[in-house]
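What follows is the content of query-v8.json (JSON, C-alpha atoms).
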[["chain", "number", "residue", "atom", "x", "y", "z"],
["U", 1, "MET", "CA", -16.79, 15.77, 7.40],
["U", 2, "TRP", "CA", -13.66, 14.08, 6.01],
["U", 3, "THR", "CA", -11.32, 15.53, 8.63],
["U", 4, "THR", "CA", -13.79, 15.46, 11.54],
["U", 5, "GLN", "CA", -15.15, 11.93, 11.12],
["U", 6, "PHE", "CA", -12.74, 9.75, 9.16],
["U", 7, "CYS", "CA", -9.28, 11.31, 9.29],
["U", 8, "GLN", "CA", -9.15, 13.44, 12.40],
["U", 9, "ASN", "CA", -5.35, 13.63, 12.33],
["U", 10, "PHE", "CA", -5.14, 14.72, 8.69],
["U", 11, "THR", "CA", -2.25, 16.96, 7.71],
["U", 12, "VAL", "CA", -0.76, 17.50, 4.28],
["U", 13, "TRP", "CA", 2.73, 16.71, 5.57],
["U", 14, "SER", "CA", 1.89, 13.41, 7.24],
["U", 15, "PHE", "CA", 3.49, 10.23, 5.95],
["U", 16, "THR", "CA", 0.11, 8.64, 5.23],
["U", 17, "PHE", "CA", -1.08, 11.45, 2.97],
["U", 18, "LEU", "CA", 2.26, 11.74, 1.13],
["U", 19, "ASN", "CA", 2.45, 7.96, 0.68],
["U", 20, "VAL", "CA", -1.06, 7.85, -0.79],
["U", 21, "LEU", "CA", -0.20, 10.75, -3.08],
["U", 22, "VAL", "CA", 2.93, 8.96, -4.36],
["U", 23, "GLN", "CA", 0.92, 5.79, -5.03],
["U", 24, "LEU", "CA", -1.66, 7.77, -6.98],
["U", 25, "ILE", "CA", 1.06, 9.46, -9.06],
["U", 26, "VAL", "CA", 2.75, 6.11, -9.77],
["U", 27, "PHE", "CA", -0.60, 4.62, -10.86],
["U", 28, "ILE", "CA", -1.32, 7.49, -13.25],
["U", 29, "ALA", "CA", 2.22, 7.36, -14.67],
["U", 30, "SER", "CA", 2.07, 3.57, -15.15],
["U", 31, "LEU", "CA", -1.32, 3.89, -16.82],
["U", 32, "ILE", "CA", 0.06, 6.49, -19.23],
["U", 33, "TYR", "CA", 3.05, 4.24, -19.92],
["U", 34, "THR", "CA", 0.75, 1.24, -20.50],
["U", 35, "SER", "CA", -1.39, 3.16, -22.97],
["U", 36, "THR", "CA", 1.68, 4.10, -25.04],
["U", 37, "THR", "CA", 2.93, 0.51, -25.37],
["U", 38, "ASP", "CA", 1.79, -2.10, -27.88],
["U", 39, "GLN", "CA", -0.13, -4.06, -25.23],
["U", 40, "GLY", "CA", -2.42, -1.16, -24.27],
["U", 41, "ILE", "CA", -4.78, -1.08, -21.33],
["U", 42, "ASN", "CA", -5.56, -4.47, -19.75],
["U", 43, "ASP", "CA", -9.09, -5.65, -20.59],
["U", 44, "HIS", "CA", -9.43, -7.74, -17.42],
["U", 45, "TRP", "CA", -9.20, -4.72, -15.11],
["U", 46, "PHE", "CA", -11.01, -1.39, -15.37],
["U", 47, "LEU", "CA", -8.20, 1.03, -16.29],
["U", 48, "GLY", "CA", -5.70, -1.78, -15.79],
["U", 49, "ASN", "CA", -1.99, -1.95, -16.43],
["U", 50, "SER", "CA", -0.57, -4.63, -18.69],
["U", 51, "LEU", "CA", 1.53, -7.44, -17.23],
["U", 52, "GLU", "CA", 4.54, -6.19, -19.20],
["U", 53, "THR", "CA", 4.28, -2.74, -17.59],
["U", 54, "LEU", "CA", 3.94, -4.23, -14.13],
["U", 55, "ASP", "CA", 6.99, -6.41, -14.81],
["U", 56, "LYS", "CA", 9.09, -3.47, -15.97],
["U", 57, "TRP", "CA", 8.00, -1.25, -13.09],
["U", 58, "GLY", "CA", 8.80, -3.80, -10.38],
["U", 59, "ALA", "CA", 5.81, -6.02, -9.57],
["U", 60, "ARG", "CA", 6.37, -8.81, -7.07],
["U", 61, "MET", "CA", 7.33, -11.75, -9.26],
["U", 62, "PRO", "CA", 8.68, -14.48, -6.97],
["U", 63, "TYR", "CA", 10.73, -16.30, -9.60],
["U", 64, "LYS", "CA", 12.63, -13.09, -10.41],
["U", 65, "ILE", "CA", 13.15, -12.33, -6.73],
["U", 66, "LYS", "CA", 14.35, -15.85, -5.95],
["U", 67, "GLU", "CA", 16.43, -16.62, -9.04],
["U", 68, "ASP", "CA", 17.67, -13.20, -10.16],
["U", 69, "MET", "CA", 17.85, -11.61, -6.69],
["U", 70, "GLU", "CA", 15.76, -8.61, -7.79],
["U", 71, "LEU", "CA", 15.05, -7.55, -4.19],
["U", 72, "HIS", "CA", 13.87, -4.09, -5.24],
["U", 73, "ARG", "CA", 10.59, -5.74, -6.23],
["U", 74, "LEU", "CA", 9.78, -6.23, -2.53],
["U", 75, "VAL", "CA", 9.52, -2.42, -2.19],
["U", 76, "LEU", "CA", 8.39, -1.29, -5.64],
["U", 77, "SER", "CA", 5.41, -3.62, -5.69],
["U", 78, "LEU", "CA", 3.96, -1.67, -2.74],
["U", 79, "TYR", "CA", 3.46, 1.29, -5.08],
["U", 80, "LEU", "CA", 2.15, -0.49, -8.19],
["U", 81, "ASN", "CA", -1.51, -1.29, -8.73],
["U", 82, "GLN", "CA", -3.12, -3.46, -11.38],
["U", 83, "GLY", "CA", -6.24, -1.41, -11.91],
["U", 84, "PHE", "CA", -8.53, 1.36, -10.80],
["U", 85, "SER", "CA", -10.57, -0.70, -8.34],
["U", 86, "GLN", "CA", -7.45, -1.95, -6.57],
["U", 87, "ILE", "CA", -6.00, 1.51, -6.11],
["U", 88, "VAL", "CA", -9.29, 2.97, -4.84],
["U", 89, "VAL", "CA", -9.67, 0.26, -2.19],
["U", 90, "ASN", "CA", -5.99, 0.45, -1.22],
["U", 91, "LEU", "CA", -5.92, 4.22, -0.89],
["U", 92, "LEU", "CA", -9.10, 4.37, 1.19],
["U", 93, "ALA", "CA", -7.87, 1.59, 3.48],
["U", 94, "GLN", "CA", -4.54, 3.36, 3.92],
["U", 95, "LEU", "CA", -6.17, 6.71, 4.64],
["U", 96, "PHE", "CA", -8.57, 5.37, 7.26],
["U", 97, "SER", "CA", -6.14, 3.06, 9.04],
["U", 98, "GLY", "CA", -3.01, 5.11, 8.40],
["U", 99, "PHE", "CA", -4.16, 8.33, 10.02],
["U", 100, "MET", "CA", -5.34, 6.52, 13.16],
["U", 101, "LEU", "CA", -2.10, 4.60, 13.44],
["U", 102, "GLU", "CA", 0.09, 7.58, 12.59],
["U", 103, "ALA", "CA", -1.53, 9.58, 15.40],
["U", 104, "GLN", "CA", -0.18, 6.98, 17.82],
["U", 105, "LEU", "CA", 3.20, 6.28, 16.21],
["U", 106, "GLY", "CA", 4.22, 9.60, 14.67],
["U", 107, "SER", "CA", 5.26, 10.15, 11.05],
["U", 108, "LEU", "CA", 8.80, 8.76, 11.25],
["U", 109, "ARG", "CA", 7.79, 5.55, 13.04],
["U", 110, "MET", "CA", 4.86, 5.19, 10.65],
["U", 111, "LEU", "CA", 7.28, 5.39, 7.70],
["U", 112, "PHE", "CA", 9.47, 2.64, 9.15],
["U", 113, "PHE", "CA", 6.45, 0.55, 10.15],
["U", 114, "PHE", "CA", 4.86, 0.78, 6.68],
["U", 115, "PHE", "CA", 8.02, -0.31, 4.87],
["U", 116, "TRP", "CA", 9.01, -2.94, 7.42],
["U", 117, "VAL", "CA", 5.58, -4.60, 7.35],
["U", 118, "GLY", "CA", 5.25, -4.22, 3.57],
["U", 119, "ILE", "CA", 8.65, -5.72, 2.81],
["U", 120, "ALA", "CA", 8.16, -8.53, 5.35],
["U", 121, "GLY", "CA", 4.73, -9.33, 3.92],
["U", 122, "ASN", "CA", 6.06, -9.37, 0.37],
["U", 123, "PHE", "CA", 9.00, -11.53, 1.43],
["U", 124, "PHE", "CA", 6.69, -14.06, 3.09],
["U", 125, "ALA", "CA", 4.38, -14.07, 0.06],
["U", 126, "THR", "CA", 7.36, -14.63, -2.24],
["U", 127, "ILE", "CA", 8.35, -17.70, -0.25],
["U", 128, "ALA", "CA", 4.80, -19.05, 0.10],
["U", 129, "ASP", "CA", 3.38, -18.40, -3.38],
["U", 130, "ASP", "CA", 4.64, -18.25, -6.97],
["U", 131, "GLU", "CA", 2.04, -15.80, -8.30],
["U", 132, "TYR", "CA", 2.90, -12.22, -9.21],
["U", 133, "ALA", "CA", 1.23, -9.44, -7.24],
["U", 134, "THR", "CA", 1.07, -5.69, -6.86],
["U", 135, "GLY", "CA", -0.36, -3.29, -4.32],
["U", 136, "ALA", "CA", 0.19, -2.23, -0.76],
["U", 137, "GLU", "CA", -1.96, -4.99, 0.72],
["U", 138, "PRO", "CA", 0.87, -6.48, 2.85],
["U", 139, "ALA", "CA", 1.40, -3.11, 4.53],
["U", 140, "ILE", "CA", -2.35, -2.47, 4.81],
["U", 141, "PHE", "CA", -2.92, -5.82, 6.54],
["U", 142, "GLY", "CA", -0.04, -4.95, 8.88],
["U", 143, "MET", "CA", -1.67, -1.60, 9.69],
["U", 144, "PHE", "CA", -5.02, -3.29, 10.38],
["U", 145, "THR", "CA", -3.28, -5.80, 12.63],
["U", 146, "ALA", "CA", -1.49, -3.02, 14.52],
["U", 147, "LEU", "CA", -4.78, -1.18, 15.02],
["U", 148, "ALA", "CA", -6.48, -4.34, 16.26],
["U", 149, "GLY", "CA", -3.61, -4.97, 18.66],
["U", 150, "MET", "CA", -3.75, -1.39, 19.88],
["U", 151, "TYR", "CA", -7.48, -1.67, 20.59],
["U", 152, "VAL", "CA", -7.04, -4.97, 22.43],
["U", 153, "TYR", "CA", -4.15, -3.62, 24.51],
["U", 154, "TYR", "CA", -5.85, -0.32, 25.41],
["U", 155, "TRP", "CA", -9.42, -1.65, 25.64],
["U", 156, "GLY", "CA", -9.81, -0.72, 29.31],
["U", 157, "GLU", "CA", -8.66, 2.85, 28.71],
["U", 158, "MET", "CA", -10.88, 3.58, 25.69],
["U", 159, "GLY", "CA", -13.95, 4.96, 27.45],
["U", 160, "LYS", "CA", -12.21, 6.73, 30.32],
["U", 161, "SER", "CA", -11.02, 9.85, 28.48],
["U", 162, "GLY", "CA", -14.24, 11.85, 29.00],
["U", 163, "ARG", "CA", -14.65, 11.20, 32.75]]
Can the structure in the file be given as structure tokens, please?
Amino acid sequence: MWTTQFCQNFTVWSFTFLNVLVQLIVFIASLIYTSTTDQGINDHWFLGNSLETLDKWGARMPYKIKEDMELHRLVLSLYLNQGFSQIVVNLLAQLFSGFMLEAQLGSLRMLFFFFWVGIAGNFFATIADDEYATGAEPAIFGMFTALAGMYVYYWGEMGKSGR
């Protein structure tokens, strides 16, 4: 059912699957690192990382990006997650939207699109807000927007494939 209904273009070597796998590995590694530190698991999130771990691993912290020019945080924050609920929602959203979009763009264009939209979204959020953040939400919102634009643009052609 997974490959026939939700992710019809699923392959193990697609960018979407590999990207989700890397995010899952980074979450597990950061959780292990958090549990070995003095701060321990964050009580505010179910299986949550501490703020110190997120800071060390590259969370989007606008004051560090603006003042210290730590631009790597614009990319690394796409792979960090604060807790279990955030990573579950992010991974499912990426799988459902990513496979549909990757079928249209191809793996290489999808790679560039994901990072371009993610970095641009993080850059805009850094300018607009002073709160720290983690997660691939900027890239996910970009993928949803691209899918919506694709459906609007090709609306007249959608039902004609079976005739």
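Distance-wise, atom CA of Thr11 of chain U and atom CA of Phe99 of chain U end up 9.1 Å apart.
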Closest pair table for segment 50-92 of chain U residues within 10 Å of segment 28-33 of chain U, all atoms listed in the file, as a tab-separated table:
residue	atom	partner	partner_atom	distance
U:Ser50	CA	U:Leu31	CA	8.8
U:Thr53	CA	U:Ser30	CA	7.1
U:Leu54	CA	U:Ser30	CA	8.1
U:Lys56	CA	U:Ser30	CA	10.0
U:Trp57	CA	U:Ser30	CA	7.9
U:Leu80	CA	U:Ser30	CA	8.1
U:Asn81	CA	U:Ser30	CA	8.8
U:Gln82	CA	U:Leu31	CA	9.3
U:Gly83	CA	U:Leu31	CA	8.7
U:Phe84	CA	U:Leu31	CA	9.7
Let me see the file: selected residues, C-alpha atoms, as a short mmCIF file (atom, residue, chain, number, x, y, z; two decimals), in the frame of the given file.
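Saved to result_20.cif:
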data_model
loop_
_atom_site.label_atom_id
_atom_site.label_comp_id
_atom_site.auth_asym_id
_atom_site.auth_seq_id
_atom_site.Cartn_x
_atom_site.Cartn_y
_atom_site.Cartn_z
CA SER U 50 -0.57 -4.63 -18.69
CA THR U 53 4.28 -2.74 -17.59
CA LEU U 54 3.94 -4.23 -14.13
CA LYS U 56 9.09 -3.47 -15.97
CA TRP U 57 8.00 -1.25 -13.09
CA LEU U 80 2.15 -0.49 -8.19
CA ASN U 81 -1.51 -1.29 -8.73
CA GLN U 82 -3.12 -3.46 -11.38
CA GLY U 83 -6.24 -1.41 -11.91
CA PHE U 84 -8.53 1.36 -10.80
#
Item to check | atom CA of Leu24 of chain U to atom CA of Gly149 of chain U, straight-line distance in Å | outcome: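 Result for atom CA of Gly149 of chain U versus atom CA of Leu24 of chain U: 28.7 Å, one decimal.
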Checklist entry - Using all atoms listed in the file, which of the listed residues (U:Val12, U:Lys66, U:Gln23, U:Tyr132) sits closest to Glu52 of chain U? => result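 Residue with the minimum atom-to-atom distance to Glu52 of chain U: U:Tyr132.
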Contacts of Glu137 of chain U within 8 Å, only C-alpha atoms, excl. fewer than 4 positions in-chain, as a PDB file with C-alpha atoms, in the frame of the given file:
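This went into result.pdb:
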ATOM      1  CA  LEU U  78       3.960  -1.670  -2.740  1.00  0.00           C
ATOM      2  CA  ASN U  90      -5.990   0.450  -1.220  1.00  0.00           C
ATOM      3  CA  GLY U 118       5.250  -4.220   3.570  1.00  0.00           C
ATOM      4  CA  PHE U 141      -2.920  -5.820   6.540  1.00  0.00           C
TER       5      PHE U 141
END
Item to check | Distance query Val117 of chain U at most 7 Å, only C-alpha atoms, self and fewer than 3 positions along chain excluded, as an MDAnalysis selection string | outcome: chainID U and resid 113:114 120:121 138:139 142
Checklist entry - What is the atom CA of Met69 of chain U-atom CA of Val26 of chain U distance in Å, reported with one decimal? => result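 These two atoms are separated by 23.5 Å.
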Checklist entry - Need the neighbours of (2.7, 8.5, 1.3): which residues are at most 12 Å away, counting all atoms listed in the file, as a ChimeraX atom specification? => result /U:11-26,78-79,91,94-95,98-99,102,107-108,110-112,114-115,136
Next on the checklist: Taking all atoms listed in the file into account, name the residue in U:Ser85, U:Phe96, U:Val75, U:Arg60 that is nearest to Phe27 of chain U.
Outcome noted: U:Ser85
Item to check | Selected residue, from U:Leu71, U:Leu47, U:Ala103, U:Ala125, that lies nearest to Val88 of chain U when counting all atoms listed in the file | outcome: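 Using all atoms listed in the file, the shortest distance to Val88 of chain U belongs to U:Leu47.
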Item to check | Residue with smallest distance to Thr34 of chain U - pool U:Met61, U:Leu51, U:Gly135, U:Tyr153, counting only C-alpha atoms | outcome: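 When distances to Thr34 of chain U are compared using only C-alpha atoms, the smallest one comes from U:Leu51.
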